[in-house]
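Asker: Structure supplied as final.cif; contents: mmCIF, C-alpha atoms (C1' of nucleotides).
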```cif
data_structure
loop_
_atom_site.label_atom_id
_atom_site.label_comp_id
_atom_site.auth_asym_id
_atom_site.auth_seq_id
_atom_site.Cartn_x
_atom_site.Cartn_y
_atom_site.Cartn_z
CA MET A 27 -36.64 -17.86 -7.69
CA SER A 28 -37.82 -15.67 -4.79
CA HIS A 29 -35.84 -13.01 -3.02
CA LYS A 30 -37.62 -9.95 -4.49
CA ARG A 31 -34.30 -8.39 -5.46
CA ARG A 32 -35.10 -6.04 -8.27
CA SER A 33 -36.05 -5.18 -11.80
CA GLY A 34 -34.61 -6.50 -15.00
CA THR A 35 -32.20 -3.69 -15.80
CA ALA A 36 -28.85 -5.20 -14.89
CA THR A 37 -28.20 -3.92 -11.36
CA LYS A 38 -24.52 -4.76 -11.76
CA ARG A 39 -23.78 -5.64 -8.12
CA GLN A 40 -21.94 -2.47 -7.17
CA PRO A 41 -19.23 -2.99 -4.54
CA ARG A 42 -19.92 -1.69 -1.05
CA ALA A 43 -16.33 -1.74 0.18
CA PRO A 44 -15.40 1.75 -1.14
CA VAL A 45 -18.32 3.27 0.76
CA PHE A 46 -17.26 1.60 3.99
CA ALA A 47 -13.66 2.62 3.35
CA ALA A 48 -14.72 6.22 2.82
CA LEU A 49 -16.45 6.18 6.20
CA GLY A 50 -13.45 4.58 7.86
CA ASP A 51 -11.88 7.84 8.89
CA GLU A 52 -12.82 10.11 11.78
CA THR A 53 -12.28 13.28 9.81
CA ARG A 54 -14.55 12.07 7.02
CA LEU A 55 -17.15 10.90 9.55
CA SER A 56 -17.31 14.36 11.06
CA LEU A 57 -17.65 15.88 7.61
CA VAL A 58 -20.57 13.57 6.92
CA ALA A 59 -22.04 14.48 10.29
CA ARG A 60 -21.96 18.13 9.35
CA LEU A 61 -23.27 17.71 5.83
CA CYS A 62 -26.13 15.38 6.66
CA GLY A 63 -27.59 18.21 8.70
CA GLY A 64 -29.18 19.54 5.55
CA GLN A 65 -27.39 22.72 4.55
CA PRO A 66 -24.62 22.51 1.96
CA HIS A 67 -21.24 23.86 2.96
CA SER A 68 -18.28 25.22 1.08
CA ILE A 69 -14.79 23.85 1.52
CA SER A 70 -13.69 26.89 3.52
CA GLN A 71 -16.66 26.53 5.83
CA LEU A 72 -15.87 22.87 6.38
CA THR A 73 -12.25 23.70 7.00
CA GLU A 74 -13.12 26.08 9.83
CA GLY A 75 -13.05 24.33 13.17
CA SER A 76 -10.77 21.64 11.83
CA LYS A 77 -7.08 21.66 12.59
CA LEU A 78 -6.35 20.43 9.11
CA THR A 79 -5.48 22.36 5.99
CA ARG A 80 -8.03 23.29 3.39
CA GLN A 81 -6.27 20.99 0.92
CA ALA A 82 -6.53 18.08 3.31
CA ILE A 83 -10.25 18.69 3.75
CA THR A 84 -10.57 18.90 -0.02
CA LYS A 85 -8.95 15.50 -0.39
CA HIS A 86 -11.33 13.98 2.14
CA LEU A 87 -14.27 15.51 0.33
CA ARG A 88 -13.08 14.00 -2.94
CA VAL A 89 -12.89 10.60 -1.29
CA LEU A 90 -16.44 10.96 0.00
CA GLU A 91 -17.54 12.13 -3.42
CA SER A 92 -15.93 9.14 -5.15
CA ALA A 93 -17.91 6.91 -2.82
CA GLY A 94 -21.08 8.77 -3.70
CA ILE A 95 -21.67 9.83 -0.12
CA VAL A 96 -21.36 13.48 -0.94
CA HIS A 97 -21.80 15.54 -4.05
CA GLY A 98 -20.04 18.82 -4.71
CA VAL A 99 -20.90 21.39 -7.33
CA ARG A 100 -19.05 24.56 -8.08
CA ARG A 101 -21.25 27.58 -7.61
CA GLY A 102 -19.54 30.81 -8.42
CA ARG A 103 -16.34 31.30 -6.50
CA GLU A 104 -16.91 28.47 -4.10
CA SER A 105 -17.97 24.84 -4.45
CA GLN A 106 -20.88 23.67 -2.37
CA PHE A 107 -20.92 20.17 -1.00
CA LYS A 108 -24.12 18.44 -0.07
CA PHE A 109 -24.96 15.10 1.43
CA ASP A 110 -26.33 12.30 -0.77
CA PRO A 111 -28.17 9.59 1.20
CA GLN A 112 -28.22 6.93 -1.52
CA SER A 113 -24.94 5.15 -0.86
CA ILE A 114 -25.56 5.26 2.87
CA GLU A 115 -28.92 3.63 2.33
CA GLY A 116 -27.14 1.07 0.20
CA ILE A 117 -24.81 -0.09 2.93
CA LYS A 118 -27.63 -0.01 5.45
CA LYS A 119 -29.43 -2.55 3.28
CA TYR A 120 -26.25 -4.56 3.08
CA LEU A 121 -25.79 -4.58 6.84
CA ASP A 122 -29.40 -5.61 7.22
CA LEU A 123 -28.67 -8.62 5.03
CA VAL A 124 -25.74 -9.55 7.24
CA SER A 125 -27.79 -9.27 10.41
CA GLU A 126 -30.63 -11.19 8.84
CA GLN A 127 -28.33 -14.00 7.83
CA TRP A 128 -26.93 -14.12 11.34
CA ASP A 129 -30.37 -14.19 12.93
CA GLN A 130 -31.48 -16.98 10.65
CA ALA A 131 -28.40 -18.94 11.62
CA LEU A 132 -29.24 -18.46 15.29
CA SER A 133 -32.81 -19.58 14.86
CA ARG A 134 -31.71 -22.65 12.93
CA LEU A 135 -29.37 -23.49 15.77
CA LYS A 136 -32.10 -22.94 18.32
CA SER A 137 -34.61 -25.15 16.53
CA PHE A 138 -31.94 -27.81 16.21
CA VAL A 139 -31.28 -27.77 19.93
CA GLU A 140 -34.96 -27.75 20.88
CA ASP A 141 -35.88 -30.41 18.38
CA MET B 248 -31.85 14.27 29.11
CA SER B 249 -34.06 12.41 26.60
CA HIS B 250 -32.66 10.26 23.78
CA LYS B 251 -32.77 6.89 25.55
CA ARG B 252 -28.99 6.60 25.25
CA ARG B 253 -28.47 3.85 27.79
CA SER B 254 -27.67 3.37 31.40
CA GLY B 255 -25.20 5.18 33.61
CA THR B 256 -22.19 2.91 33.13
CA ALA B 257 -19.97 5.23 31.10
CA THR B 258 -20.68 4.31 27.51
CA LYS B 259 -17.46 6.10 26.53
CA ARG B 260 -18.46 7.08 22.97
CA GLN B 261 -16.44 4.46 21.16
CA PRO B 262 -15.27 5.50 17.70
CA ARG B 263 -17.05 3.94 14.74
CA ALA B 264 -14.39 4.70 12.15
CA PRO B 265 -12.30 1.55 12.80
CA VAL B 266 -15.34 -0.64 12.21
CA PHE B 267 -16.10 1.07 8.91
CA ALA B 268 -12.45 0.87 7.95
CA ALA B 269 -12.39 -2.85 8.71
CA LEU B 270 -15.34 -3.35 6.35
CA GLY B 271 -13.72 -1.21 3.69
CA ASP B 272 -12.05 -4.12 1.96
CA GLU B 273 -13.61 -6.66 -0.40
CA THR B 274 -11.62 -9.56 1.02
CA ARG B 275 -12.75 -8.74 4.53
CA LEU B 276 -16.33 -8.26 3.40
CA SER B 277 -16.37 -11.74 1.93
CA LEU B 278 -14.90 -13.14 5.14
CA VAL B 279 -17.69 -11.48 7.08
CA ALA B 280 -20.21 -12.84 4.59
CA ARG B 281 -18.97 -16.34 5.24
CA LEU B 282 -18.74 -16.04 9.01
CA CYS B 283 -22.12 -14.42 9.55
CA GLY B 284 -23.64 -17.59 8.18
CA GLY B 285 -23.44 -19.07 11.65
CA GLN B 286 -20.78 -21.74 11.65
CA PRO B 287 -17.30 -20.82 12.87
CA HIS B 288 -14.45 -21.46 10.49
CA SER B 289 -10.76 -22.07 10.91
CA ILE B 290 -8.15 -20.01 9.12
CA SER B 291 -7.37 -22.82 6.71
CA GLN B 292 -11.02 -23.22 5.86
CA LEU B 293 -11.33 -19.52 5.20
CA THR B 294 -8.20 -19.58 3.08
CA GLU B 295 -9.65 -22.22 0.76
CA GLY B 296 -11.36 -20.65 -2.20
CA SER B 297 -9.35 -17.47 -1.82
CA LYS B 298 -6.40 -16.74 -4.03
CA LEU B 299 -4.57 -15.21 -1.12
CA THR B 300 -2.08 -16.76 1.25
CA ARG B 301 -3.08 -18.09 4.63
CA GLN B 302 -0.99 -15.37 6.25
CA ALA B 303 -2.82 -12.69 4.31
CA ILE B 304 -6.16 -14.09 5.43
CA THR B 305 -4.84 -14.19 8.98
CA LYS B 306 -3.97 -10.52 8.79
CA HIS B 307 -7.44 -9.67 7.56
CA LEU B 308 -8.97 -11.69 10.36
CA ARG B 309 -6.88 -9.80 12.91
CA VAL B 310 -8.13 -6.52 11.46
CA LEU B 311 -11.72 -7.70 11.75
CA GLU B 312 -11.01 -8.89 15.27
CA SER B 313 -9.52 -5.56 16.31
CA ALA B 314 -12.70 -3.92 15.13
CA GLY B 315 -14.74 -6.39 17.16
CA ILE B 316 -16.52 -7.72 14.10
CA VAL B 317 -15.12 -11.18 14.56
CA HIS B 318 -13.78 -13.12 17.47
CA GLY B 319 -11.25 -15.92 17.20
CA VAL B 320 -10.39 -18.49 19.82
CA ARG B 321 -7.76 -21.16 19.55
CA ARG B 322 -9.26 -24.60 19.95
CA GLY B 323 -6.70 -27.35 19.79
CA ARG B 324 -4.58 -27.22 16.71
CA GLU B 325 -6.71 -24.69 14.88
CA SER B 326 -8.24 -21.37 15.77
CA GLN B 327 -11.94 -20.95 15.19
CA PHE B 328 -13.29 -17.59 14.12
CA LYS B 329 -16.87 -16.64 14.70
CA PHE B 330 -18.96 -13.63 13.83
CA ASP B 331 -19.84 -11.11 16.52
CA PRO B 332 -22.86 -8.94 15.64
CA GLN B 333 -22.34 -6.23 18.24
CA SER B 334 -20.11 -3.81 16.37
CA ILE B 335 -22.18 -4.25 13.23
CA GLU B 336 -25.27 -3.35 15.20
CA GLY B 337 -23.35 -0.37 16.50
CA ILE B 338 -22.68 1.13 13.11
CA LYS B 339 -26.22 0.33 12.00
CA LYS B 340 -27.45 2.53 14.83
CA TYR B 341 -24.99 5.17 13.78
CA LEU B 342 -26.16 5.12 10.17
CA ASP B 343 -29.73 5.33 11.40
CA LEU B 344 -28.81 8.52 13.22
CA VAL B 345 -27.32 9.96 10.05
CA SER B 346 -30.40 9.10 8.01
CA GLU B 347 -32.67 10.42 10.72
CA GLN B 348 -30.81 13.71 10.81
CA TRP B 349 -31.07 13.96 7.04
CA ASP B 350 -34.79 13.23 7.06
CA GLN B 351 -35.41 15.84 9.72
CA ALA B 352 -33.50 18.37 7.64
CA LEU B 353 -35.65 17.54 4.65
CA SER B 354 -38.89 17.90 6.58
CA ARG B 355 -37.73 21.20 8.03
CA LEU B 356 -37.02 22.40 4.52
CA LYS B 357 -40.41 21.20 3.33
CA SER B 358 -42.33 22.91 6.10
CA PHE B 359 -40.36 26.07 5.43
CA VAL B 360 -41.30 26.02 1.76
CA GLU B 361 -44.96 25.21 2.46
CA ASP B 362 -45.25 27.73 5.24
"C1'" DA C 22 8.41 -41.27 17.74
"C1'" DG C 23 7.76 -39.20 13.30
"C1'" DA C 24 5.06 -37.19 9.74
"C1'" DA C 25 1.44 -34.10 8.68
"C1'" DT C 26 -1.57 -30.35 9.54
"C1'" DG C 27 -2.72 -25.68 11.34
"C1'" DT C 28 -0.88 -21.45 13.19
"C1'" DG C 29 2.20 -17.85 14.78
"C1'" DC C 30 5.86 -14.62 14.00
"C1'" DA C 31 9.02 -11.63 11.46
"C1'" DA C 32 11.15 -9.43 7.69
"C1'" DC C 33 10.47 -7.34 3.64
"C1'" DC C 34 8.36 -4.74 -0.36
"C1'" DA C 35 5.40 -1.88 -3.40
"C1'" DG C 36 1.70 1.06 -3.34
"C1'" DA C 37 -1.99 3.65 -1.30
"C1'" DG C 38 -3.29 7.28 2.21
"C1'" DG C 39 -3.23 11.34 5.01
"C1'" DG C 40 -0.92 15.64 5.43
"C1'" DT C 41 1.81 19.47 4.27
"C1'" DT C 42 3.72 23.51 1.39
"C1'" DG C 43 3.78 26.40 -2.71
"C1'" DC C 44 1.87 28.42 -6.67
"C1'" DT C 45 -1.78 29.36 -10.25
"C1'" DT C 46 -6.52 30.25 -11.56
"C1'" DT C 47 -11.17 32.01 -10.99
"C1'" DT C 48 -14.60 35.04 -9.00
"C1'" DT C 49 -16.02 38.48 -6.03
"C1'" DT C 50 -15.53 43.01 -3.85
"C1'" DG C 51 -13.85 47.92 -3.10
"C1'" DC D 270 -8.67 47.69 -12.29
"C1'" DA D 271 -6.49 45.93 -8.14
"C1'" DA D 272 -6.88 43.37 -3.96
"C1'" DA D 273 -8.94 39.62 -1.50
"C1'" DA D 274 -11.27 35.24 -1.08
"C1'" DA D 275 -12.06 30.44 -2.53
"C1'" DA D 276 -10.44 26.62 -5.01
"C1'" DG D 277 -7.54 23.83 -7.98
"C1'" DC D 278 -3.18 21.54 -9.07
"C1'" DA D 279 1.07 19.35 -8.10
"C1'" DA D 280 5.06 17.81 -5.75
"C1'" DC D 281 6.74 15.83 -1.78
"C1'" DC D 282 6.95 13.08 2.83
"C1'" DC D 283 6.08 9.69 6.03
"C1'" DT D 284 3.26 6.08 7.71
"C1'" DC D 285 0.08 2.48 7.19
"C1'" DT D 286 -1.46 -1.50 4.56
"C1'" DG D 287 -2.00 -5.51 1.80
"C1'" DG D 288 0.62 -8.99 0.18
"C1'" DT D 289 4.48 -12.10 -0.05
"C1'" DT D 290 8.21 -15.59 1.65
"C1'" DG D 291 10.53 -18.26 5.15
"C1'" DC D 292 10.80 -20.54 9.31
"C1'" DA D 293 9.58 -21.99 14.12
"C1'" DC D 294 5.98 -23.88 17.20
"C1'" DA D 295 2.05 -26.68 18.54
"C1'" DT D 296 -1.20 -30.38 17.96
"C1'" DT D 297 -3.03 -34.40 15.82
"C1'" DC D 298 -2.68 -38.81 13.27
"C1'" DT D 299 -0.27 -43.44 12.20
#
```
The structure given in the file should be rewritten as structure tokens.

Answerer:
Amino acid sequence: MSHKRRSGTATKRQPRAPVFAALGDETRLSLVARLCGGQPHSISQLTEGSKLTRQAITKHLRVLESAGIVHGVRRGRESQFKFDPQSIEGIKKYLDLVSEQWDQALSRLKSFVED
Amino acid sequence: MSHKRRSGTATKRQPRAPVFAALGDETRLSLVARLCGGQPHSISQLTEGSKLTRQAITKHLRVLESAGIVHGVRRGRESQFKFDPQSIEGIKKYLDLVSEQWDQALSRLKSFVED
DNA sequence: AGAATGTGCAACCAGAGGGTTGCTTTTTTG
DNA sequence: CAAAAAAGCAACCCTCTGGTTGCACATTCT
């Protein structure tokens, strides 16, 4: 066996595509950029500075939330959204795997040529 | 100045969203998984094993190509597609920035609490 | 040359996505 | 309590997207 890869508790192989898809939009990327700064923001705050409607921003936030990138909780009159680094870390790991596989392929090719 | 940020030749701030969007699809992710293994593959080869049509796979490959993730060149009767790590590296850097910003926010918060 | 293989191109279709407007509900503030 | 602020909900619109089918074009194999 090998490949460290985890504990026994059924890790279920969660799909990464939704996370990538959620990041595949400039508006959502800028929202993430603002939220990963640390402080939570309300929907109205996030709407300011954008040319879009509050409802549009809300939709984008829901998409980010479904992907686990962001997590919003209603606090009083407004709902605060905060960044959640887990899913981002997840796809970083995934991209590392891709790069690693590519590098290994290159080194195999190189050793083949040199040999 | 600071922030290494590369030479003078107008780096133009290329948008990362299209790359994320291109990866936001399971079919495309599996294509990337196969191509980053090193060997180039033709469209027909990539179609085998998939339940989709050759034309569908072609479309997906064009999307990946537009995002710079993959690069296809026609060689004789068939067109070979190969993986191109650059754009992937690009978004890895981007995600590193996001994580870095988040970590800095956390440490600022921590020092504020401790202080 | 003729058949077979591998692509390219175009039309078409159903559904998802991004955005808007309009109205209701909840919570704060005066 | 009444007005204002912040969200939620829902309908609607248009465009993009993922997928198909059908056919033409190019390249290899016999």

Asker: With all atoms listed in the file as the basis for distance, which of B:Leu308, B:Ser346, B:Ser334, B:Arg321 is at the shortest distance from chain A?

Answerer: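 Closest residue, counting all atoms listed in the file: B:Ser346.
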
Asker: Give as a count of residues only every residue of chain B that touches chain A within 12 Å, counting all atoms listed in the file.

Answerer: 58

Asker: Which polymer residues, whether protein, DNA or RNA, lie within 6 Å of the coordinate (-16.8, 25.4, 0.9) when you count all atoms listed in the file? List them as a list in words, using the chain letters and numbers from the file.

Answerer: His67, Ser68, Ile69, Ser70, Gln71, Glu104, Ser105 and Gln106 of chain A

Asker: Those selected residues, please, written with C-alpha atoms and delivered as a tab-separated table (two decimals), in the coordinates of the input.

Answerer:
```tsv
chain	number	residue	atom	x	y	z
A	67	HIS	CA	-21.24	23.86	2.96
A	68	SER	CA	-18.28	25.22	1.08
A	69	ILE	CA	-14.79	23.85	1.52
A	70	SER	CA	-13.69	26.89	3.52
A	71	GLN	CA	-16.66	26.53	5.83
A	104	GLU	CA	-16.91	28.47	-4.10
A	105	SER	CA	-17.97	24.84	-4.45
A	106	GLN	CA	-20.88	23.67	-2.37
```

Asker: With all atoms of stretch 258-270 of chain B from the file as input, state the centre and edge lengths in Å to one decimal of the axis-aligned box that has 3 Å extra on each side, as AutoDock Vina command-line options.

Answerer:
```
--center_x -16.5 --center_y 1.9 --center_z 16.9 --size_x 14.4 --size_y 16.4 --size_z 27.2
```

Asker: With stretch 274-298 of chain D as the partner and 8 Å as the cut-off, tabulate the residues of stretch 249-357 of chain B that qualify, each row holding the nearest pair of atoms and their distance in Å to one decimal, using all atoms listed in the file, sorted by chain and rising number, as CSV.

Answerer:
```
residue,atom,partner,partner_atom,distance
B:Ala303,CA,D:DG288,C1',6.5
B:Gly323,CA,D:DT296,C1',6.5
B:Arg324,CA,D:DT296,C1',4.8
```

Asker: So which residues get picked by the PyMOL selection byres ((chain C) within 12 of (chain A)) here, written as number ranges by chain?

Answerer: C: 38-43, 46-49

Asker: As an exercise, work out the distance from atom CA of B:Leu311 to atom CA of A:Glu91 in Å and give it to one decimal place.

Answerer: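 Atom-to-atom, atom CA of B:Leu311 and atom CA of A:Glu91 are spaced 25.6 Å apart.
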
Asker: Just give me the gap between atom CA of A:Gly98 and atom CA of A:Glu74 in Å, one decimal is fine.

Answerer: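 A separation of 17.7 Å between them.
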
Asker: What gap, in Å, lies between atom C1' of C:DG36 and atom CA of A:Ser76?

Answerer: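 Here the two named atoms are 28.4 Å from each other.
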
Asker: Nearest residue to chain D out of A:Phe107, A:Lys77, A:Thr84, A:His97, using all atoms listed in the file?

Answerer: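 Among the listed residues, the smallest separation from chain D belongs to A:Thr84.
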